file structure-v8.cif (mmCIF, C-alpha atoms and all ligand atoms)
data_model
loop_
_atom_site.group_PDB
_atom_site.id
_atom_site.type_symbol
_atom_site.label_atom_id
_atom_site.label_comp_id
_atom_site.auth_asym_id
_atom_site.auth_seq_id
_atom_site.Cartn_x
_atom_site.Cartn_y
_atom_site.Cartn_z
ATOM 1 C CA MET K 308 -8.981 -18.107 16.705
ATOM 2 C CA GLU K 309 -9.081 -17.561 12.992
ATOM 3 C CA LYS K 310 -5.982 -15.778 11.635
ATOM 4 C CA ILE K 311 -7.833 -12.636 10.565
ATOM 5 C CA GLU K 312 -9.551 -12.348 13.950
ATOM 6 C CA GLN K 313 -6.195 -12.766 15.693
ATOM 7 C CA ILE K 314 -4.602 -10.057 13.529
ATOM 8 C CA LYS K 315 -7.522 -7.712 14.267
ATOM 9 C CA GLU K 316 -7.017 -8.181 18.015
ATOM 10 C CA ASP K 317 -3.279 -7.542 17.675
ATOM 11 C CA LEU K 318 -3.821 -4.422 15.538
ATOM 12 C CA LYS K 319 -6.058 -2.908 18.205
ATOM 13 C CA GLN K 320 -2.997 -2.920 20.470
ATOM 14 C CA VAL K 321 -0.644 -1.100 18.087
ATOM 15 C CA LEU K 322 -2.906 1.219 16.079
ATOM 16 C CA SER K 323 -5.076 4.198 16.936
ATOM 17 C CA GLU K 324 -8.809 3.725 16.484
ATOM 18 C CA LYS K 325 -8.734 5.799 13.315
ATOM 19 C CA ARG K 326 -5.941 3.731 11.754
ATOM 20 C CA TYR K 327 -7.615 0.509 12.850
ATOM 21 C CA ILE K 328 -10.834 1.534 11.114
ATOM 22 C CA HIS K 329 -8.798 2.469 8.022
ATOM 23 C CA SER K 330 -7.136 -0.982 8.075
ATOM 24 C CA ILE K 331 -10.531 -2.702 8.201
ATOM 25 C CA GLY K 332 -11.646 -0.518 5.282
ATOM 26 C CA VAL K 333 -8.567 -1.511 3.268
ATOM 27 C CA MET K 334 -9.210 -5.187 4.044
ATOM 28 C CA GLU K 335 -12.798 -4.868 2.800
ATOM 29 C CA MET K 336 -11.784 -3.025 -0.364
ATOM 30 C CA CYS K 337 -9.071 -5.636 -1.001
ATOM 31 C CA GLU K 338 -11.731 -8.331 -0.739
ATOM 32 C CA LYS K 339 -13.954 -6.521 -3.236
ATOM 33 C CA LEU K 340 -11.138 -6.004 -5.761
ATOM 34 C CA ALA K 341 -9.789 -9.550 -5.260
ATOM 35 C CA LYS K 342 -13.184 -10.862 -6.394
ATOM 36 C CA ILE K 343 -13.119 -8.643 -9.491
ATOM 37 C CA TYR K 344 -9.529 -9.455 -10.489
ATOM 38 C CA GLY K 345 -9.473 -13.131 -9.537
ATOM 39 C CA VAL K 346 -6.966 -13.003 -6.686
ATOM 40 C CA ASP K 347 -7.066 -15.260 -3.600
ATOM 41 C CA ILE K 348 -9.520 -13.502 -1.291
ATOM 42 C CA GLN K 349 -7.957 -14.606 1.993
ATOM 43 C CA ASN K 350 -4.495 -13.393 0.877
ATOM 44 C CA ALA K 351 -5.934 -10.057 -0.200
ATOM 45 C CA LYS K 352 -7.785 -9.593 3.102
ATOM 46 C CA ILE K 353 -4.703 -10.429 5.193
ATOM 47 C CA ALA K 354 -2.424 -8.144 3.149
ATOM 48 C CA GLY K 355 -4.905 -5.271 3.377
ATOM 49 C CA LEU K 356 -5.468 -5.725 7.083
ATOM 50 C CA LEU K 357 -1.742 -5.821 7.853
ATOM 51 C CA HIS K 358 -0.505 -3.099 5.472
ATOM 52 C CA ASP K 359 -0.154 -0.362 8.136
ATOM 53 C CA ILE K 360 0.855 -2.556 11.090
ATOM 54 C CA ALA K 361 4.163 -0.679 11.440
ATOM 55 C CA LYS K 362 2.799 2.784 10.746
ATOM 56 C CA GLU K 363 2.416 4.134 14.252
ATOM 57 C CA THR K 364 5.926 3.734 15.575
ATOM 58 C CA THR K 365 8.241 6.727 15.746
ATOM 59 C CA SER K 366 10.891 7.503 13.118
ATOM 60 C CA GLU K 367 13.575 6.515 15.611
ATOM 61 C CA GLU K 368 11.874 3.188 16.266
ATOM 62 C CA LYS K 369 11.605 2.534 12.533
ATOM 63 C CA LEU K 370 15.291 3.226 11.943
ATOM 64 C CA GLU K 371 16.207 1.059 14.924
ATOM 65 C CA TYR K 372 13.950 -1.798 13.751
ATOM 66 C CA ALA K 373 15.517 -1.645 10.283
ATOM 67 C CA LYS K 374 18.997 -1.744 11.795
ATOM 68 C CA GLN K 375 18.213 -4.660 14.130
ATOM 69 C CA ASN K 376 16.680 -6.712 11.335
ATOM 70 C CA ASN K 377 19.114 -5.929 8.526
ATOM 71 C CA ILE K 378 16.487 -4.114 6.478
ATOM 72 C CA GLU K 379 18.306 -2.063 3.870
ATOM 73 C CA ILE K 380 17.416 1.607 3.800
ATOM 74 C CA ASP K 381 18.261 4.236 1.217
ATOM 75 C CA GLU K 382 18.900 7.967 1.500
ATOM 76 C CA ILE K 383 15.287 8.996 1.001
ATOM 77 C CA GLU K 384 14.052 6.536 3.633
ATOM 78 C CA LYS K 385 16.704 7.826 6.000
ATOM 79 C CA THR K 386 15.454 11.383 5.485
ATOM 80 C CA ASN K 387 11.804 10.343 5.732
ATOM 81 C CA PRO K 388 11.669 7.188 7.900
ATOM 82 C CA GLN K 389 7.852 7.126 7.906
ATOM 83 C CA ILE K 390 7.869 5.562 4.444
ATOM 84 C CA LEU K 391 9.724 2.606 5.980
ATOM 85 C CA HIS K 392 6.445 1.358 7.443
ATOM 86 C CA GLY K 393 5.924 -0.687 4.262
ATOM 87 C CA LYS K 394 9.214 -2.556 4.531
ATOM 88 C CA ILE K 395 8.952 -2.971 8.303
ATOM 89 C CA GLY K 396 5.304 -4.031 8.116
ATOM 90 C CA ALA K 397 6.259 -6.715 5.586
ATOM 91 C CA HIS K 398 8.949 -7.972 7.951
ATOM 92 C CA ILE K 399 6.565 -8.070 10.931
ATOM 93 C CA ALA K 400 3.985 -9.901 8.802
ATOM 94 C CA LYS K 401 6.600 -12.520 7.965
ATOM 95 C CA VAL K 402 7.978 -13.138 11.456
ATOM 96 C CA LYS K 403 4.754 -12.734 13.404
ATOM 97 C CA TYR K 404 2.206 -14.310 11.050
ATOM 98 C CA GLY K 405 4.331 -16.303 8.606
ATOM 99 C CA VAL K 406 2.665 -14.753 5.569
ATOM 100 C CA SER K 407 3.777 -15.652 2.034
ATOM 101 C CA LYS K 408 6.350 -13.682 0.044
ATOM 102 C CA GLU K 409 3.515 -12.407 -2.158
ATOM 103 C CA ILE K 410 1.739 -10.874 0.846
ATOM 104 C CA GLN K 411 5.020 -9.497 2.186
ATOM 105 C CA ASN K 412 5.670 -7.784 -1.154
ATOM 106 C CA ALA K 413 2.170 -6.322 -1.273
ATOM 107 C CA ILE K 414 2.670 -4.804 2.194
ATOM 108 C CA GLU K 415 6.174 -3.568 1.372
ATOM 109 C CA TYR K 416 5.188 -1.974 -1.936
ATOM 110 C CA HIS K 417 2.171 -0.023 -0.647
ATOM 111 C CA THR K 418 4.374 2.934 0.324
ATOM 112 C CA GLU K 419 6.944 3.265 -2.466
ATOM 113 C CA THR K 420 5.328 0.982 -5.064
ATOM 114 C CA ASN K 421 7.553 -1.265 -7.219
ATOM 115 C CA PRO K 422 7.895 -1.927 -10.966
ATOM 116 C CA ASN K 423 7.310 -5.629 -10.217
ATOM 117 C CA MET K 424 4.032 -5.214 -8.363
ATOM 118 C CA ASP K 425 1.723 -8.159 -9.011
ATOM 119 C CA ILE K 426 -2.073 -7.958 -8.994
ATOM 120 C CA LEU K 427 -2.252 -8.461 -5.223
ATOM 121 C CA ALA K 428 0.247 -5.636 -4.608
ATOM 122 C CA LYS K 429 -1.696 -3.342 -6.941
ATOM 123 C CA ILE K 430 -4.940 -4.190 -5.141
ATOM 124 C CA VAL K 431 -3.436 -3.303 -1.748
ATOM 125 C CA TYR K 432 -1.907 -0.091 -3.116
ATOM 126 C CA VAL K 433 -5.193 1.042 -4.635
ATOM 127 C CA SER K 434 -7.375 -0.101 -1.717
ATOM 128 C CA ASP K 435 -5.266 1.929 0.696
ATOM 129 C CA LYS K 436 -6.192 5.082 -1.216
ATOM 130 C CA ILE K 437 -9.861 4.430 -1.940
ATOM 131 C CA GLU K 438 -11.194 2.441 1.033
ATOM 132 C CA LEU K 439 -14.690 3.497 2.040
ATOM 133 C CA ASN K 440 -13.767 5.023 5.407
ATOM 134 C CA ARG K 441 -11.697 7.685 3.660
ATOM 135 C CA LYS K 442 -13.373 11.045 3.154
ATOM 136 C CA ASP K 443 -14.805 11.153 -0.338
ATOM 137 C CA ASP K 444 -15.569 14.821 -0.712
ATOM 138 C CA ASN K 445 -13.411 15.284 -3.785
ATOM 139 C CA PHE K 446 -13.647 14.302 -7.411
ATOM 140 C CA GLU K 447 -10.423 12.308 -7.389
ATOM 141 C CA ILE K 448 -11.361 9.609 -4.899
ATOM 142 C CA LYS K 449 -14.770 9.130 -6.476
ATOM 143 C CA TYR K 450 -13.128 8.697 -9.871
ATOM 144 C CA GLU K 451 -10.498 6.320 -8.440
ATOM 145 C CA ARG K 452 -13.167 4.134 -6.812
ATOM 146 C CA GLU K 453 -15.019 3.931 -10.088
ATOM 147 C CA LEU K 454 -11.888 3.258 -12.156
ATOM 148 C CA ALA K 455 -10.608 0.607 -9.723
ATOM 149 C CA THR K 456 -13.505 -1.691 -10.577
ATOM 150 C CA LYS K 457 -12.704 -1.459 -14.286
ATOM 151 C CA ASP K 458 -8.954 -1.140 -14.855
ATOM 152 C CA LEU K 459 -6.493 -1.805 -12.043
ATOM 153 C CA ASP K 460 -3.312 -0.682 -13.851
ATOM 154 C CA GLU K 461 -4.955 2.516 -15.004
ATOM 155 C CA THR K 462 -5.980 3.203 -11.400
ATOM 156 C CA VAL K 463 -2.420 2.674 -10.131
ATOM 157 C CA ILE K 464 -1.118 5.095 -12.787
ATOM 158 C CA TYR K 465 -3.791 7.646 -11.893
ATOM 159 C CA ILE K 466 -2.972 7.466 -8.176
ATOM 160 C CA ILE K 467 0.782 7.660 -8.809
ATOM 161 C CA ASN K 468 0.296 10.729 -11.026
ATOM 162 C CA ALA K 469 -1.841 12.430 -8.378
ATOM 163 C CA ASN K 470 0.764 11.584 -5.741
ATOM 164 C CA ILE K 471 3.657 12.946 -7.763
ATOM 165 C CA ILE K 472 1.781 16.190 -8.407
ATOM 166 C CA LYS K 473 1.076 16.516 -4.669
ATOM 167 C CA LEU K 474 4.722 15.905 -3.772
ATOM 168 C CA ILE K 475 5.911 18.464 -6.293
ATOM 169 C CA LYS K 476 3.470 21.103 -5.003
ATOM 170 C CA LYS K 477 4.634 20.477 -1.430
ATOM 171 C CA GLN K 478 8.320 20.601 -2.424
ATOM 172 C CA LYS K 479 8.789 17.092 -1.044
ATOM 173 C CA LEU K 480 11.193 14.341 -2.047
ATOM 174 C CA ILE K 481 9.970 11.839 -4.633
ATOM 175 C CA HIS K 482 11.226 8.295 -4.236
ATOM 176 C CA PRO K 483 12.759 7.184 -7.561
ATOM 177 C CA THR K 484 11.019 3.801 -7.325
ATOM 178 C CA ILE K 485 7.647 5.450 -7.847
ATOM 179 C CA LEU K 486 8.890 6.883 -11.153
ATOM 180 C CA LYS K 487 10.237 3.464 -12.177
ATOM 181 C CA THR K 488 6.851 1.906 -11.405
ATOM 182 C CA ARG K 489 5.068 4.577 -13.402
ATOM 183 C CA ASN K 490 7.412 4.093 -16.357
ATOM 184 C CA ALA K 491 6.934 0.306 -16.236
ATOM 185 C CA LEU K 492 3.140 0.635 -16.222
ATOM 186 C CA ILE K 493 3.073 3.246 -18.985
ATOM 187 C CA LYS K 494 5.472 1.150 -21.083
ATOM 188 C CA ALA K 495 3.310 -1.962 -20.607
ATOM 189 C CA LYS K 496 0.309 0.088 -21.731
ATOM 190 C CA LEU K 497 2.109 1.351 -24.848
ATOM 191 C CA ASP K 498 3.391 -2.146 -25.691
ATOM 192 C CA LYS K 499 -0.145 -3.492 -25.401
ATOM 193 C CA LYS K 500 -1.453 -0.795 -27.742
ATOM 194 C CA SER K 501 1.217 -1.451 -30.364
ATOM 195 C CA THR K 502 0.332 -5.161 -30.523
ATOM 196 C CA LEU K 503 -3.382 -4.483 -31.027
HETATM 197 FE FE FE M 601 0.615 2.938 4.779
HETATM 198 FE FE FE M 602 -2.874 2.815 4.871
#
call {"tool": "encode", "arguments": {"input": "structure-v8.cif", "output": "structure tokens"}}
result
Amino acid sequence: MEKIEQIKEDLKQVLSEKRYIHSIGVMEMCEKLAKIYGVDIQNAKIAGLLHDIAKETTSEEKLEYAKQNNIEIDEIEKTNPQILHGKIGAHIAKVKYGVSKEIQNAIEYHTETNPNMDILAKIVYVSDKIELNRKDDNFEIKYERELATKDLDETVIYIINANIIKLIKKQKLIHPTILKTRNALIKAKLDKKSTL
């Protein structure tokens, strides 16, 4: 069986129908953006399909998996183990499907982002938020879908900003990595402007 078909069958076993449909949507959006930004289409599809493979385990299971597999966790992840599904998903993708480091990083970074995100990681991050199965009854997602076809970095910044605002309103913890990623992207933008 082709790798993607095998992964789809496996995902049906570990994800709810809703999350499975979301994962297919992310895979399709990754394919679309990979074509626009010149990234390997197969890699993008596999990363998108697998990104939430570890999402539907309990917090206890996530902490236990991290412990068993020597996955480092920080204070914020300990308080909110759900965000570990990026790191754990990347690990499962490596051991179960032997995916490349680039795909592992893209899966890992889709939760907390990373200042070193490459184009593939940015595509997965953005696709997760704008895939076509998500409800699109608000201005933001429509704008993000439009922007994603034109400027990937700008879309990542826009989504990060929206996320930070949401977290602040809900009095939730903000992972410092997301601020580092935002700073790196804004700095790259400013540097680009100053050389024009
Ligand atoms: Fe996720
Ligand atoms: Fe997702």
call {"tool": "residues_around", "arguments": {"input": "structure-v8.cif", "residues": "Thr365 (chain K)", "least_positions_apart": "4", "cutoff": "10 Å", "atoms": "all atoms listed in the file", "output": "list in words"}}
result
Ala361, Lys369, Leu370, Glu371, Pro388 and Gln389 of chain K
call {"tool": "atom_distance", "arguments": {"input": "structure-v8.cif", "atom1": "CA of Ile383 (chain K)", "atom2": "CA of Leu480 (chain K)"}}
result
7.4 Å
call {"tool": "resolve_selection", "arguments": {"input": "structure-v8.cif", "expression": "the PyMOL selection byres (((chain K and resi 382) around 12) and not hetatm)", "output": "NGL selection string"}}
result
:K and (379-381 or 383-388 or 390-391 or 480-483)
call {"tool": "residues_near_ligand", "arguments": {"input": "structure-v8.cif", "ligand": "ligand FE 601 (chain M)", "cutoff": "8 Å", "atoms": "only C-alpha atoms and all ligand atoms", "output": "JSON, numbers by chain"}}
result
{"K": [358, 359, 362, 390, 392, 393, 417, 418, 435]}
call {"tool": "residues_near_point", "arguments": {"input": "structure-v8.cif", "point": "(0.5, -4.6, 2.3)", "cutoff": "10 Å", "atoms": "only C-alpha atoms", "output": "PyMOL selection string"}}
result
chain K and resi 333-334+351-360+392-394+396-397+400+409-418+427-432+434-435
call {"tool": "resolve_selection", "arguments": {"input": "structure-v8.cif", "expression": "the PyMOL selection byres (((chain K and resi 341) around 9) and not hetatm)", "output": "number ranges by chain"}}
result
K: 336-340, 342-348, 350-352, 426-427, 430
call {"tool": "write_last_selection", "arguments": {"input": "structure-v8.cif", "atoms": "C-alpha atoms", "output": "PDB file, keeping the file's coordinate frame"}}
result
ATOM      1  CA  MET K 336     -11.784  -3.025  -0.364  1.00  0.00           C
ATOM      2  CA  CYS K 337      -9.071  -5.636  -1.001  1.00  0.00           C
ATOM      3  CA  GLU K 338     -11.731  -8.331  -0.739  1.00  0.00           C
ATOM      4  CA  LYS K 339     -13.954  -6.521  -3.236  1.00  0.00           C
ATOM      5  CA  LEU K 340     -11.138  -6.004  -5.761  1.00  0.00           C
ATOM      6  CA  LYS K 342     -13.184 -10.862  -6.394  1.00  0.00           C
ATOM      7  CA  ILE K 343     -13.119  -8.643  -9.491  1.00  0.00           C
ATOM      8  CA  TYR K 344      -9.529  -9.455 -10.489  1.00  0.00           C
ATOM      9  CA  GLY K 345      -9.473 -13.131  -9.537  1.00  0.00           C
ATOM     10  CA  VAL K 346      -6.966 -13.003  -6.686  1.00  0.00           C
ATOM     11  CA  ASP K 347      -7.066 -15.260  -3.600  1.00  0.00           C
ATOM     12  CA  ILE K 348      -9.520 -13.502  -1.291  1.00  0.00           C
ATOM     13  CA  ASN K 350      -4.495 -13.393   0.877  1.00  0.00           C
ATOM     14  CA  ALA K 351      -5.934 -10.057  -0.200  1.00  0.00           C
ATOM     15  CA  LYS K 352      -7.785  -9.593   3.102  1.00  0.00           C
ATOM     16  CA  ILE K 426      -2.073  -7.958  -8.994  1.00  0.00           C
ATOM     17  CA  LEU K 427      -2.252  -8.461  -5.223  1.00  0.00           C
ATOM     18  CA  ILE K 430      -4.940  -4.190  -5.141  1.00  0.00           C
TER      19      ILE K 430
END
call {"tool": "resolve_selection", "arguments": {"input": "structure-v8.cif", "expression": "the PyMOL selection byres (((chain K and resi 317) around 12) and not hetatm)", "output": "PyMOL selection string"}}
result
chain K and resi 310-316+318-323+327+356-357+360-361+399-400+403-404
call {"tool": "closest_residue", "arguments": {"input": "structure-v8.cif", "among": "K:Arg326, K:Lys499, K:Lys408, K:Arg489", "to": "ligand FE 602 (chain M)", "atoms": "only C-alpha atoms and all ligand atoms"}}
result
K:Arg326
call {"tool": "closest_residue", "arguments": {"input": "structure-v8.cif", "among": "K:Thr364, K:Ile395, K:Glu438, K:Asn423", "to": "ligand FE 602 (chain M)", "atoms": "all atoms listed in the file"}}
result
K:Glu438
call {"tool": "closest_residue", "arguments": {"input": "structure-v8.cif", "among": "K:Ile471, K:Leu503, K:Ile437, K:Val402", "to": "ligand FE 602 (chain M)", "atoms": "all atoms listed in the file"}}
result
K:Ile437
call {"tool": "closest_residue", "arguments": {"input": "structure-v8.cif", "among": "K:Lys436, K:Lys374, K:Ile472, K:Gln349", "to": "ligand FE 602 (chain M)", "atoms": "all atoms listed in the file"}}
result
K:Lys436
call {"tool": "atom_distance", "arguments": {"input": "structure-v8.cif", "atom1": "CA of Lys457 (chain K)", "atom2": "CA of Leu474 (chain K)"}}
result
26.8 Å
call {"tool": "atom_distance", "arguments": {"input": "structure-v8.cif", "atom1": "CA of Asn470 (chain K)", "atom2": "CA of Tyr372 (chain K)"}}
result
27.1 Å
call {"tool": "closest_residue", "arguments": {"input": "structure-v8.cif", "among": "K:Asn445, K:Thr488, K:Ser330, K:Ser366", "to": "ligand FE 602 (chain M)", "atoms": "only C-alpha atoms and all ligand atoms"}}
result
K:Ser330
call {"tool": "axis_aligned_box", "arguments": {"input": "structure-v8.cif", "around": "region 445-458 of chain K", "padding_each_side": "8 Å", "output": "lines of an AutoDock Vina configuration file"}}
result
center_x = -12.0
center_y = 6.8
center_z = -9.3
size_x = 22.1
size_y = 33.0
size_z = 27.1
call {"tool": "decode", "arguments": {"input": "structure-v8.cif", "residues": "region 452-470 of chain K", "atoms": "N, CA and C atoms", "output": "PDB file, in the first residue's frame"}}
result
ATOM      1  N   ARG K 452      -6.731  32.625   4.561  1.00  0.00           N
ATOM      2  CA  ARG K 452      -6.702  31.765   3.357  1.00  0.00           C
ATOM      3  C   ARG K 452      -6.226  32.547   2.138  1.00  0.00           C
ATOM      4  N   GLU K 453      -6.680  33.765   2.054  1.00  0.00           N
ATOM      5  CA  GLU K 453      -6.304  34.632   0.943  1.00  0.00           C
ATOM      6  C   GLU K 453      -4.810  34.975   1.023  1.00  0.00           C
ATOM      7  N   LEU K 454      -4.384  35.396   2.217  1.00  0.00           N
ATOM      8  CA  LEU K 454      -3.002  35.818   2.434  1.00  0.00           C
ATOM      9  C   LEU K 454      -2.024  34.656   2.222  1.00  0.00           C
ATOM     10  N   ALA K 455      -2.445  33.455   2.612  1.00  0.00           N
ATOM     11  CA  ALA K 455      -1.551  32.287   2.541  1.00  0.00           C
ATOM     12  C   ALA K 455      -1.098  31.989   1.117  1.00  0.00           C
ATOM     13  N   THR K 456      -1.900  32.374   0.143  1.00  0.00           N
ATOM     14  CA  THR K 456      -1.516  32.100  -1.250  1.00  0.00           C
ATOM     15  C   THR K 456      -0.546  33.165  -1.778  1.00  0.00           C
ATOM     16  N   LYS K 457      -0.379  34.232  -0.987  1.00  0.00           N
ATOM     17  CA  LYS K 457       0.455  35.342  -1.475  1.00  0.00           C
ATOM     18  C   LYS K 457       1.746  35.528  -0.708  1.00  0.00           C
ATOM     19  N   ASP K 458       1.678  35.411   0.634  1.00  0.00           N
ATOM     20  CA  ASP K 458       2.853  35.688   1.462  1.00  0.00           C
ATOM     21  C   ASP K 458       2.816  34.792   2.704  1.00  0.00           C
ATOM     22  N   LEU K 459       3.640  33.747   2.663  1.00  0.00           N
ATOM     23  CA  LEU K 459       3.600  32.735   3.726  1.00  0.00           C
ATOM     24  C   LEU K 459       4.051  33.301   5.080  1.00  0.00           C
ATOM     25  N   ASP K 460       5.160  34.036   5.091  1.00  0.00           N
ATOM     26  CA  ASP K 460       5.662  34.597   6.358  1.00  0.00           C
ATOM     27  C   ASP K 460       4.647  35.543   6.985  1.00  0.00           C
ATOM     28  N   GLU K 461       4.066  36.373   6.133  1.00  0.00           N
ATOM     29  CA  GLU K 461       3.072  37.332   6.622  1.00  0.00           C
ATOM     30  C   GLU K 461       1.876  36.591   7.233  1.00  0.00           C
ATOM     31  N   THR K 462       1.531  35.459   6.650  1.00  0.00           N
ATOM     32  CA  THR K 462       0.413  34.661   7.175  1.00  0.00           C
ATOM     33  C   THR K 462       0.767  34.072   8.537  1.00  0.00           C
ATOM     34  N   VAL K 463       2.005  33.563   8.666  1.00  0.00           N
ATOM     35  CA  VAL K 463       2.436  33.014   9.961  1.00  0.00           C
ATOM     36  C   VAL K 463       2.374  34.118  11.024  1.00  0.00           C
ATOM     37  N   ILE K 464       2.880  35.298  10.703  1.00  0.00           N
ATOM     38  CA  ILE K 464       2.852  36.412  11.662  1.00  0.00           C
ATOM     39  C   ILE K 464       1.404  36.742  12.043  1.00  0.00           C
ATOM     40  N   TYR K 465       0.545  36.797  11.049  1.00  0.00           N
ATOM     41  CA  TYR K 465      -0.861  37.144  11.297  1.00  0.00           C
ATOM     42  C   TYR K 465      -1.514  36.132  12.235  1.00  0.00           C
ATOM     43  N   ILE K 466      -1.247  34.844  11.978  1.00  0.00           N
ATOM     44  CA  ILE K 466      -1.852  33.789  12.807  1.00  0.00           C
ATOM     45  C   ILE K 466      -1.277  33.829  14.227  1.00  0.00           C
ATOM     46  N   ILE K 467       0.030  34.037  14.326  1.00  0.00           N
ATOM     47  CA  ILE K 467       0.656  34.126  15.657  1.00  0.00           C
ATOM     48  C   ILE K 467       0.052  35.305  16.433  1.00  0.00           C
ATOM     49  N   ASN K 468      -0.066  36.449  15.788  1.00  0.00           N
ATOM     50  CA  ASN K 468      -0.660  37.618  16.463  1.00  0.00           C
ATOM     51  C   ASN K 468      -2.066  37.303  16.976  1.00  0.00           C
ATOM     52  N   ALA K 469      -2.873  36.695  16.106  1.00  0.00           N
ATOM     53  CA  ALA K 469      -4.254  36.369  16.487  1.00  0.00           C
ATOM     54  C   ALA K 469      -4.269  35.400  17.673  1.00  0.00           C
ATOM     55  N   ASN K 470      -3.323  34.446  17.635  1.00  0.00           N
ATOM     56  CA  ASN K 470      -3.223  33.464  18.711  1.00  0.00           C
ATOM     57  C   ASN K 470      -2.852  34.107  20.036  1.00  0.00           C
TER      58      ASN K 470
END
